[in-house]
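Have a look at run-v7.cif; it's mmCIF, C-alpha atoms:
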```
data_upload
loop_
_atom_site.label_atom_id
_atom_site.label_comp_id
_atom_site.auth_asym_id
_atom_site.auth_seq_id
_atom_site.Cartn_x
_atom_site.Cartn_y
_atom_site.Cartn_z
CA MET A 24 -70.30 185.63 212.28
CA LYS A 25 -66.90 186.66 211.04
CA GLN A 26 -65.18 184.01 209.01
CA HIS A 27 -62.08 182.37 210.43
CA ILE A 28 -59.55 180.74 208.17
CA PHE A 29 -59.54 177.06 209.13
CA VAL A 30 -61.24 177.87 212.40
CA ALA A 31 -58.06 179.58 213.53
CA SER A 32 -59.62 180.80 216.75
CA ILE A 33 -60.21 177.16 217.69
CA LEU A 34 -56.92 175.73 216.56
CA LEU A 35 -54.41 178.40 217.46
CA GLY A 36 -56.22 180.23 220.23
CA LEU A 37 -56.35 177.24 222.54
CA ALA A 38 -54.02 177.17 225.48
CA ALA A 39 -51.02 174.90 224.93
CA PHE A 40 -51.04 171.61 226.75
CA SER A 41 -47.90 170.09 228.24
CA ALA A 42 -46.94 167.03 226.21
CA ARG A 43 -46.65 164.40 228.91
CA ALA A 44 -46.24 160.90 227.53
CA GLU A 45 -48.91 159.48 229.79
CA ASP A 46 -51.45 161.96 228.38
CA ALA A 47 -50.97 160.94 224.76
CA PRO A 48 -54.01 159.12 223.33
CA ALA A 49 -53.57 155.42 222.67
CA ALA A 50 -56.80 155.23 220.65
CA ILE A 51 -59.06 157.70 218.81
CA VAL A 52 -62.82 157.46 218.29
CA ALA A 53 -63.60 157.13 214.58
CA ASP A 54 -67.33 156.34 214.73
CA PHE A 55 -70.06 155.44 217.19
CA ASN A 56 -73.80 155.32 217.73
CA ALA A 57 -76.08 155.45 220.77
CA ALA A 58 -73.69 157.14 223.18
CA ASP A 59 -75.91 156.15 226.10
CA LEU A 60 -75.05 152.48 225.39
CA ILE A 61 -71.30 153.09 225.62
CA ALA A 62 -69.54 153.28 228.98
CA PHE A 63 -65.95 154.03 229.97
CA ARG A 64 -64.10 153.41 233.21
CA SER A 65 -62.88 157.03 233.29
CA PRO A 66 -65.10 160.13 232.92
CA THR A 67 -65.20 160.60 229.14
CA THR A 68 -67.12 162.88 226.80
CA LEU A 69 -67.80 160.76 223.72
CA GLN A 70 -67.24 162.77 220.54
CA LEU A 71 -65.74 162.16 217.13
CA GLY A 72 -61.97 162.22 217.66
CA THR A 73 -62.09 161.65 221.43
CA GLY A 74 -58.78 160.20 222.62
CA LEU A 75 -58.58 157.26 225.02
CA ALA A 76 -55.62 156.47 227.24
CA ALA A 77 -53.89 153.10 227.35
CA GLY A 78 -55.65 150.84 229.85
CA GLU A 79 -59.05 152.50 229.40
CA THR A 80 -61.90 150.00 229.63
CA VAL A 81 -64.83 150.26 227.21
CA SER A 82 -68.14 148.46 227.79
CA ILE A 83 -70.97 148.41 225.26
CA SER A 84 -74.58 147.31 225.71
CA LYS A 85 -76.31 145.40 222.93
CA GLY A 86 -77.29 147.71 220.10
CA GLY A 87 -74.34 150.01 220.75
CA TYR A 88 -71.33 150.41 218.46
CA LEU A 89 -67.91 152.03 218.77
CA LYS A 90 -65.04 152.12 216.29
CA LEU A 91 -61.56 153.01 217.50
CA LEU A 92 -58.32 153.72 215.66
CA VAL A 93 -55.47 152.12 217.60
CA GLY A 94 -52.26 153.02 215.81
CA ALA A 95 -52.67 151.90 212.21
CA GLU A 96 -55.34 149.37 213.15
CA CYS A 97 -59.08 149.72 213.71
CA VAL A 98 -61.12 147.96 216.39
CA VAL A 99 -64.91 147.59 216.37
CA ILE A 100 -66.74 146.99 219.64
CA GLY A 101 -70.39 146.06 219.96
CA ASP A 102 -72.88 145.50 217.15
CA ALA A 103 -70.84 146.69 214.18
CA PRO A 104 -72.45 147.86 210.91
CA GLY A 105 -71.69 146.09 207.66
CA ASP A 106 -68.99 148.55 206.57
CA ALA A 107 -66.68 147.69 209.48
CA LYS A 108 -65.00 144.82 207.62
CA GLY A 109 -61.25 144.59 208.02
CA CYS A 110 -61.29 145.78 211.63
CA THR A 111 -60.41 143.71 214.69
CA VAL A 112 -63.27 142.49 216.89
CA PRO A 113 -62.39 141.93 220.58
CA ALA A 114 -62.35 138.29 221.63
CA PRO A 115 -63.97 136.54 223.39
CA ASP A 116 -66.39 139.39 224.22
CA LYS A 117 -67.19 141.83 221.40
CA TYR A 118 -68.91 144.15 223.90
CA ALA A 119 -65.80 144.90 225.98
CA PHE A 120 -62.34 146.25 225.18
CA ILE A 121 -59.23 147.45 227.02
CA VAL A 122 -57.16 150.01 225.11
CA PRO A 123 -53.63 148.59 224.62
CA GLU A 124 -50.32 150.31 225.23
CA ASN A 125 -49.09 150.15 221.63
CA GLY A 126 -51.36 152.87 220.27
CA PHE A 127 -50.28 156.30 219.07
CA VAL A 128 -46.95 157.93 219.75
CA SER A 129 -46.46 159.90 222.94
CA GLY A 130 -45.53 163.56 223.21
CA MET A 131 -48.37 164.79 220.95
CA THR A 132 -50.97 165.88 223.48
CA GLY A 133 -51.27 169.53 222.47
CA ARG A 134 -51.53 168.70 218.77
CA PHE A 135 -54.14 166.05 219.41
CA GLN A 136 -56.29 168.29 221.64
CA ARG A 137 -56.53 170.92 218.89
CA PHE A 138 -57.25 168.27 216.26
CA GLN A 139 -60.05 166.77 218.36
CA LYS A 140 -61.71 170.18 218.67
CA VAL A 141 -61.89 170.44 214.87
CA LEU A 142 -63.31 166.93 214.48
CA SER A 143 -65.99 167.39 217.14
CA TRP A 144 -67.00 170.81 215.77
CA TRP A 145 -67.40 169.57 212.20
CA ASP A 146 -68.79 166.11 213.00
CA PRO A 147 -71.44 165.58 210.27
CA LYS A 148 -73.70 163.84 212.79
CA THR A 149 -73.79 166.86 215.10
CA GLU A 150 -76.83 168.83 213.94
CA SER A 151 -75.82 172.15 215.49
CA ARG A 152 -72.71 172.27 213.28
CA VAL A 153 -74.43 171.96 209.90
CA MET A 154 -73.03 174.40 207.33
CA ARG A 155 -75.91 176.18 205.58
CA SER A 156 -75.83 177.66 202.08
CA ARG A 157 -77.76 180.90 201.76
CA ASP A 158 -79.15 182.07 198.43
CA GLY A 159 -79.25 185.70 199.53
CA LEU A 160 -75.48 185.96 199.97
CA ALA A 161 -72.75 186.01 197.32
CA ALA A 162 -71.23 182.62 196.49
CA GLN A 163 -67.89 182.10 198.20
CA MET A 164 -65.14 179.63 199.08
CA PRO A 165 -64.61 180.43 202.76
CA ALA A 166 -61.25 178.68 203.09
CA LEU A 167 -59.80 180.94 200.37
CA ALA A 168 -61.63 184.15 201.22
CA GLU A 169 -59.12 185.81 203.54
CA ALA A 170 -55.81 184.46 202.20
CA ASP A 171 -53.84 186.77 199.88
CA GLU A 172 -53.08 183.68 197.80
CA SER A 173 -53.64 179.96 198.15
CA PHE A 174 -51.24 177.18 197.17
CA LEU A 175 -51.62 174.01 195.13
CA ALA A 176 -49.04 171.33 194.45
CA SER A 177 -47.76 171.44 190.88
CA GLY A 178 -48.54 168.67 188.39
CA ASP A 179 -51.50 167.30 186.45
CA ARG A 180 -54.39 167.78 188.82
CA GLU A 181 -58.06 166.84 189.15
CA LEU A 182 -59.26 169.51 191.54
CA HIS A 183 -62.41 169.10 193.59
CA ILE A 184 -63.86 172.53 194.40
CA GLN A 185 -66.67 173.28 196.87
CA TRP A 186 -68.37 176.52 197.86
CA VAL A 187 -71.31 177.90 199.82
CA ASP A 188 -73.99 180.53 199.31
CA GLY A 189 -75.06 182.16 196.08
CA THR A 190 -77.91 181.58 193.64
CA ALA A 191 -77.72 178.92 190.91
CA PRO A 192 -76.70 178.45 188.16
CA PHE A 193 -73.01 178.48 189.07
CA ARG A 194 -69.83 178.47 187.02
CA VAL A 195 -66.25 177.87 188.19
CA ALA A 196 -63.21 178.60 186.06
CA ILE A 197 -59.43 178.66 186.42
CA LEU A 198 -57.60 181.35 184.46
CA ASP A 199 -53.89 181.95 183.94
CA ALA A 200 -52.08 185.16 184.87
CA ASN A 201 -53.07 186.70 181.52
CA GLY A 202 -56.76 185.98 181.98
CA ARG A 203 -56.88 183.02 179.57
CA GLU A 204 -59.41 180.41 180.68
CA LEU A 205 -57.77 177.03 181.27
CA ALA A 206 -60.63 174.97 182.73
CA ALA A 207 -64.28 175.58 183.59
CA GLN A 208 -67.44 173.81 184.71
CA SER A 209 -71.05 174.94 185.08
CA GLN A 210 -73.50 173.67 187.70
CA GLU A 211 -77.27 174.08 187.60
CA SER A 212 -77.70 173.49 191.32
CA ASP A 213 -74.79 171.68 193.01
CA ARG A 214 -72.18 173.72 194.86
CA ASN A 215 -69.19 171.68 193.77
CA ALA A 216 -67.14 171.14 190.64
CA THR A 217 -64.22 169.07 189.35
CA LEU A 218 -61.62 170.80 187.19
CA ARG A 219 -58.74 169.08 185.40
CA ILE A 220 -55.71 171.27 184.95
CA LYS A 221 -51.92 171.24 184.91
CA ILE A 222 -50.48 173.40 187.70
CA GLU A 223 -47.00 174.77 187.02
CA ASN A 224 -44.52 175.51 189.78
CA ASN A 225 -44.62 179.17 190.88
CA ALA A 226 -47.23 180.04 188.22
CA ILE A 227 -50.12 182.30 189.22
CA TYR A 228 -53.74 181.33 188.55
CA ARG A 229 -57.12 182.90 189.24
CA LEU A 230 -60.00 180.77 190.48
CA GLN A 231 -63.22 182.51 189.46
CA LEU A 232 -66.64 181.71 190.90
CA GLU A 233 -69.83 182.93 189.21
CA SER A 234 -73.32 182.89 190.69
CA ALA A 235 -76.45 183.43 188.55
CA GLY A 236 -74.37 185.05 185.80
CA ASN A 237 -72.45 187.45 188.02
CA ILE A 238 -68.83 187.06 189.13
CA ALA A 239 -69.12 186.35 192.83
CA ALA A 240 -65.48 185.87 193.82
CA ASN A 241 -61.90 185.68 192.54
CA TYR A 242 -59.13 183.83 194.36
CA ILE A 243 -55.42 183.88 193.59
CA ILE A 244 -53.63 180.51 193.52
CA ARG A 245 -49.89 179.84 193.18
CA GLY A 246 -48.39 176.53 192.10
CA LYS A 247 -45.79 174.99 194.42
CA SER A 248 -43.38 172.14 193.73
CA GLU A 249 -43.27 171.24 197.42
CA THR A 250 -45.93 171.13 200.12
CA PRO A 251 -45.60 171.25 203.93
CA PHE A 252 -47.44 167.92 204.23
CA GLY A 253 -44.59 165.62 203.27
CA PRO A 254 -44.90 162.25 201.52
CA GLU A 255 -47.36 159.65 202.77
CA GLY A 256 -45.51 157.29 205.09
CA LYS A 257 -46.31 154.12 206.95
CA GLU A 258 -47.81 155.93 209.93
CA ALA A 259 -51.54 155.77 210.65
CA SER A 260 -53.65 157.89 208.31
CA ILE A 261 -55.22 159.67 211.29
CA LEU A 262 -51.74 160.94 212.26
CA GLN A 263 -51.15 162.11 208.69
CA ALA A 264 -54.48 163.96 208.86
CA MET A 265 -53.45 165.53 212.17
CA LYS A 266 -50.24 166.88 210.63
CA ILE A 267 -52.13 168.24 207.62
CA VAL A 268 -54.56 170.06 209.90
CA GLU A 269 -51.63 171.61 211.76
CA SER A 270 -49.92 172.71 208.53
CA VAL A 271 -53.08 174.31 207.15
CA SER A 272 -53.61 176.20 210.37
CA ALA A 273 -49.99 177.40 210.41
CA SER A 274 -50.45 178.72 206.84
CA ASP A 275 -53.57 180.71 207.84
CA GLY A 276 -55.57 178.64 205.36
CA ALA A 277 -53.28 179.07 202.35
CA TRP A 278 -52.93 175.28 202.01
CA ALA A 279 -56.62 174.52 202.69
CA LEU A 280 -57.52 173.74 199.07
CA GLU A 281 -54.60 171.33 198.70
CA ALA A 282 -55.50 169.69 202.02
CA ALA A 283 -59.03 169.08 200.72
CA GLN A 284 -57.61 167.17 197.76
CA ILE A 285 -55.52 164.96 200.06
CA PHE A 286 -58.37 164.22 202.46
CA ARG A 287 -60.44 162.88 199.55
CA THR A 288 -57.94 160.08 198.92
CA LEU A 289 -56.44 159.50 202.38
CA PRO A 290 -57.72 156.18 203.83
CA LEU A 291 -60.04 157.55 206.52
CA ASP A 292 -63.43 156.58 207.89
CA ASP A 293 -66.25 158.39 206.08
CA ARG A 294 -67.33 160.27 209.20
CA LEU A 295 -63.79 161.52 209.85
CA ARG A 296 -63.29 162.38 206.18
CA LYS A 297 -66.50 164.45 206.04
CA ALA A 298 -65.54 166.39 209.18
CA LEU A 299 -62.05 167.17 207.85
CA LEU A 300 -63.29 168.14 204.38
CA ASP A 301 -65.86 170.51 205.84
CA ALA A 302 -63.21 172.05 208.08
CA VAL A 303 -60.78 172.85 205.27
CA ASN A 304 -63.40 173.68 202.61
CA PHE A 305 -65.74 175.87 204.64
CA ALA A 306 -63.59 177.11 207.53
CA ASP A 307 -66.39 179.09 209.15
CA TRP A 308 -69.79 178.57 210.77
CA PRO A 309 -73.18 180.31 210.43
#
```

Show how you would write the structure in this file as structure tokens.
Amino acid sequence: MKQHIFVASILLGLAAFSARAEDAPAAIVADFNAADLIAFRSPTTLQLGTGLAAGETVSISKGGYLKLLVGAECVVIGDAPGDAKGCTVPAPDKYAFIVPENGFVSGMTGRFQRFQKVLSWWDPKTESRVMRSRDGLAAQMPALAEADESFLASGDRELHIQWVDGTAPFRVAILDANGRELAAQSQESDRNATLRIKIENNAIYRLQLESAGNIAANYIIRGKSETPFGPEGKEASILQAMKIVESVSASDGAWALEAAQIFRTLPLDDRLRKALLDAVNFADWP
């Protein structure tokens, strides 16, 4: 299937939704298990990133679990796993919850609908969406493959690089505009690397990927002193992630590599983080 930078056909090809305040989600699904044990008052398709309106009633049978992001807070309903510490548990009944009014901001319906499509597509617990690496194809970094050049924020960086396909052993290197190697790492089997390098504003770099001794791909990267993502504020991390997704899509994937670095450190649930990293790193599907 033809590659699509940051699943552009999903993000930008969707019909626009009118941003009515009453349609804005007041809570977002961050994790769940046993969907058959979770019931809503309104007809709801339970997926990673599903939005719930204020006033929605959630009921959970024993053995079921649902984690919601409500503004900057998290709420766990049902029989929560051990890693749900720090979240609010409904009282007096941990198996029932009514979504409050003071959730996410209104007027964001269209943005949220597109964001939810990305999360549900790349949900790591959805087997049909698994990204496969194929030895018979050349190694590649799908998010960078169709962009004329990609952008990275300038400064001292520890870059986490991922790729798919190709036959081991692998080698990744960053070269300057004159072809001088600045950083490199070899991998006997893993398809990821960490490179430490100083990125200069407006400087041009070449990211080179080798597979089994042969150069598989070259990607052009330009340093930038400013990014479209803005500084981290006090708003909920899920809203920051939503804005990053929108910016990467608007850039046709040029900011995908930088977005991957941010998602690694943004305070997100592991399931959400994995879906977002796969979206910006791989940006296609088998």

Quiz prompt | All residues 9 Å or closer to range 80-89 of chain A, only C-alpha atoms, same chain fewer than 4 positions away omitted, as a list in words | solution =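 The filter keeps Val52, Ala53, Asp54, Phe55, Asn56, Ala57, Ala58, Asp59, Leu60, Ile61, Ala62, Phe63, Arg64, Ser65, Val98, Val99, Ile100, Gly101, Asp102, Ala103, Pro104, Lys117, Tyr118, Ala119, Phe120, Ile121 and Val122 of chain A.
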
Quiz prompt | Residue nearest Arg180 in chain A among A:Val112, A:Ile197, A:Ile220, A:Val93 (counting only C-alpha atoms) | solution = A:Ile220

Practice problem: Calculate how many Å separate CA of Gly159 in chain A from CA of Ala239 in chain A, rounding to one decimal. | Solution: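 Going from CA of Gly159 in chain A over to CA of Ala239 in chain A covers 12.2 Å.
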
Quiz item: Got a sec to resolve the PyMOL selection byres ((chain A and resi 188) around 6) on this structure and send the residues as an MDAnalysis selection string?
Solution: chainID A and resid 156:158 160:162 187 189

Check what the PyMOL selection byres ((chain A and resi 299-305) around 9) selects in the file above and give those residues as a PDB file with C-alpha atoms, keeping the file's coordinate frame.
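Writing done, so here's out.pdb:
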```pdb
ATOM      1  CA  ILE A  28     -59.550 180.740 208.170  1.00  0.00           C
ATOM      2  CA  PHE A  29     -59.540 177.060 209.130  1.00  0.00           C
ATOM      3  CA  VAL A  30     -61.240 177.870 212.400  1.00  0.00           C
ATOM      4  CA  VAL A 141     -61.890 170.440 214.870  1.00  0.00           C
ATOM      5  CA  LEU A 142     -63.310 166.930 214.480  1.00  0.00           C
ATOM      6  CA  TRP A 144     -67.000 170.810 215.770  1.00  0.00           C
ATOM      7  CA  TRP A 145     -67.400 169.570 212.200  1.00  0.00           C
ATOM      8  CA  ASP A 146     -68.790 166.110 213.000  1.00  0.00           C
ATOM      9  CA  PRO A 147     -71.440 165.580 210.270  1.00  0.00           C
ATOM     10  CA  MET A 154     -73.030 174.400 207.330  1.00  0.00           C
ATOM     11  CA  MET A 164     -65.140 179.630 199.080  1.00  0.00           C
ATOM     12  CA  PRO A 165     -64.610 180.430 202.760  1.00  0.00           C
ATOM     13  CA  ALA A 166     -61.250 178.680 203.090  1.00  0.00           C
ATOM     14  CA  LEU A 167     -59.800 180.940 200.370  1.00  0.00           C
ATOM     15  CA  ILE A 184     -63.860 172.530 194.400  1.00  0.00           C
ATOM     16  CA  GLN A 185     -66.670 173.280 196.870  1.00  0.00           C
ATOM     17  CA  TRP A 186     -68.370 176.520 197.860  1.00  0.00           C
ATOM     18  CA  VAL A 187     -71.310 177.900 199.820  1.00  0.00           C
ATOM     19  CA  ALA A 264     -54.480 163.960 208.860  1.00  0.00           C
ATOM     20  CA  VAL A 268     -54.560 170.060 209.900  1.00  0.00           C
ATOM     21  CA  VAL A 271     -53.080 174.310 207.150  1.00  0.00           C
ATOM     22  CA  GLY A 276     -55.570 178.640 205.360  1.00  0.00           C
ATOM     23  CA  TRP A 278     -52.930 175.280 202.010  1.00  0.00           C
ATOM     24  CA  ALA A 279     -56.620 174.520 202.690  1.00  0.00           C
ATOM     25  CA  LEU A 280     -57.520 173.740 199.070  1.00  0.00           C
ATOM     26  CA  ALA A 282     -55.500 169.690 202.020  1.00  0.00           C
ATOM     27  CA  ALA A 283     -59.030 169.080 200.720  1.00  0.00           C
ATOM     28  CA  GLN A 284     -57.610 167.170 197.760  1.00  0.00           C
ATOM     29  CA  PHE A 286     -58.370 164.220 202.460  1.00  0.00           C
ATOM     30  CA  ARG A 287     -60.440 162.880 199.550  1.00  0.00           C
ATOM     31  CA  ARG A 294     -67.330 160.270 209.200  1.00  0.00           C
ATOM     32  CA  LEU A 295     -63.790 161.520 209.850  1.00  0.00           C
ATOM     33  CA  ARG A 296     -63.290 162.380 206.180  1.00  0.00           C
ATOM     34  CA  LYS A 297     -66.500 164.450 206.040  1.00  0.00           C
ATOM     35  CA  ALA A 298     -65.540 166.390 209.180  1.00  0.00           C
ATOM     36  CA  ALA A 306     -63.590 177.110 207.530  1.00  0.00           C
ATOM     37  CA  ASP A 307     -66.390 179.090 209.150  1.00  0.00           C
ATOM     38  CA  TRP A 308     -69.790 178.570 210.770  1.00  0.00           C
TER      39      TRP A 308
END
```

Exercise. May I ask which of the residues A:Arg245, A:Ala168, A:Ile238, A:Leu91 is the closest one to Phe193 in chain A, counting only C-alpha atoms?
Key: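 With only C-alpha atoms as the atom set, the closest residue is A:Ile238.
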
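Compared by their closest atoms to Glu124 in chain A, and using all atoms listed in the file, the residues A:Leu69, A:Ser270, A:Gln263, A:Pro48 rank with A:Pro48 nearest.
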
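What separates CA of Lys90 in chain A from CA of Glu281 in chain A is a distance of 28.1 Å.
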
Quiz prompt | Between CA of Thr217 in chain A and CA of Lys247 in chain A - distance in Å to one decimal | solution =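 Interatomic distance here is 20.0 Å.
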
Quiz prompt | Distance criterion (all atoms listed in the file): nearest to Asp171 in chain A out of A:Cys97, A:Ile244, A:Ala77, A:Ile285 | solution =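 Of all the options, A:Ile244 lies closest to Asp171 in chain A.
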
So what does the PyMOL selection byres ((chain A and resi 173) around 6) actually pick up in this one, as a PDB file with C-alpha atoms, in the coordinates of the input?
```
ATOM      1  CA  GLU A 172     -53.080 183.680 197.800  1.00  0.00           C
ATOM      2  CA  PHE A 174     -51.240 177.180 197.170  1.00  0.00           C
ATOM      3  CA  ILE A 244     -53.630 180.510 193.520  1.00  0.00           C
ATOM      4  CA  ALA A 277     -53.280 179.070 202.350  1.00  0.00           C
TER       5      ALA A 277
END
```
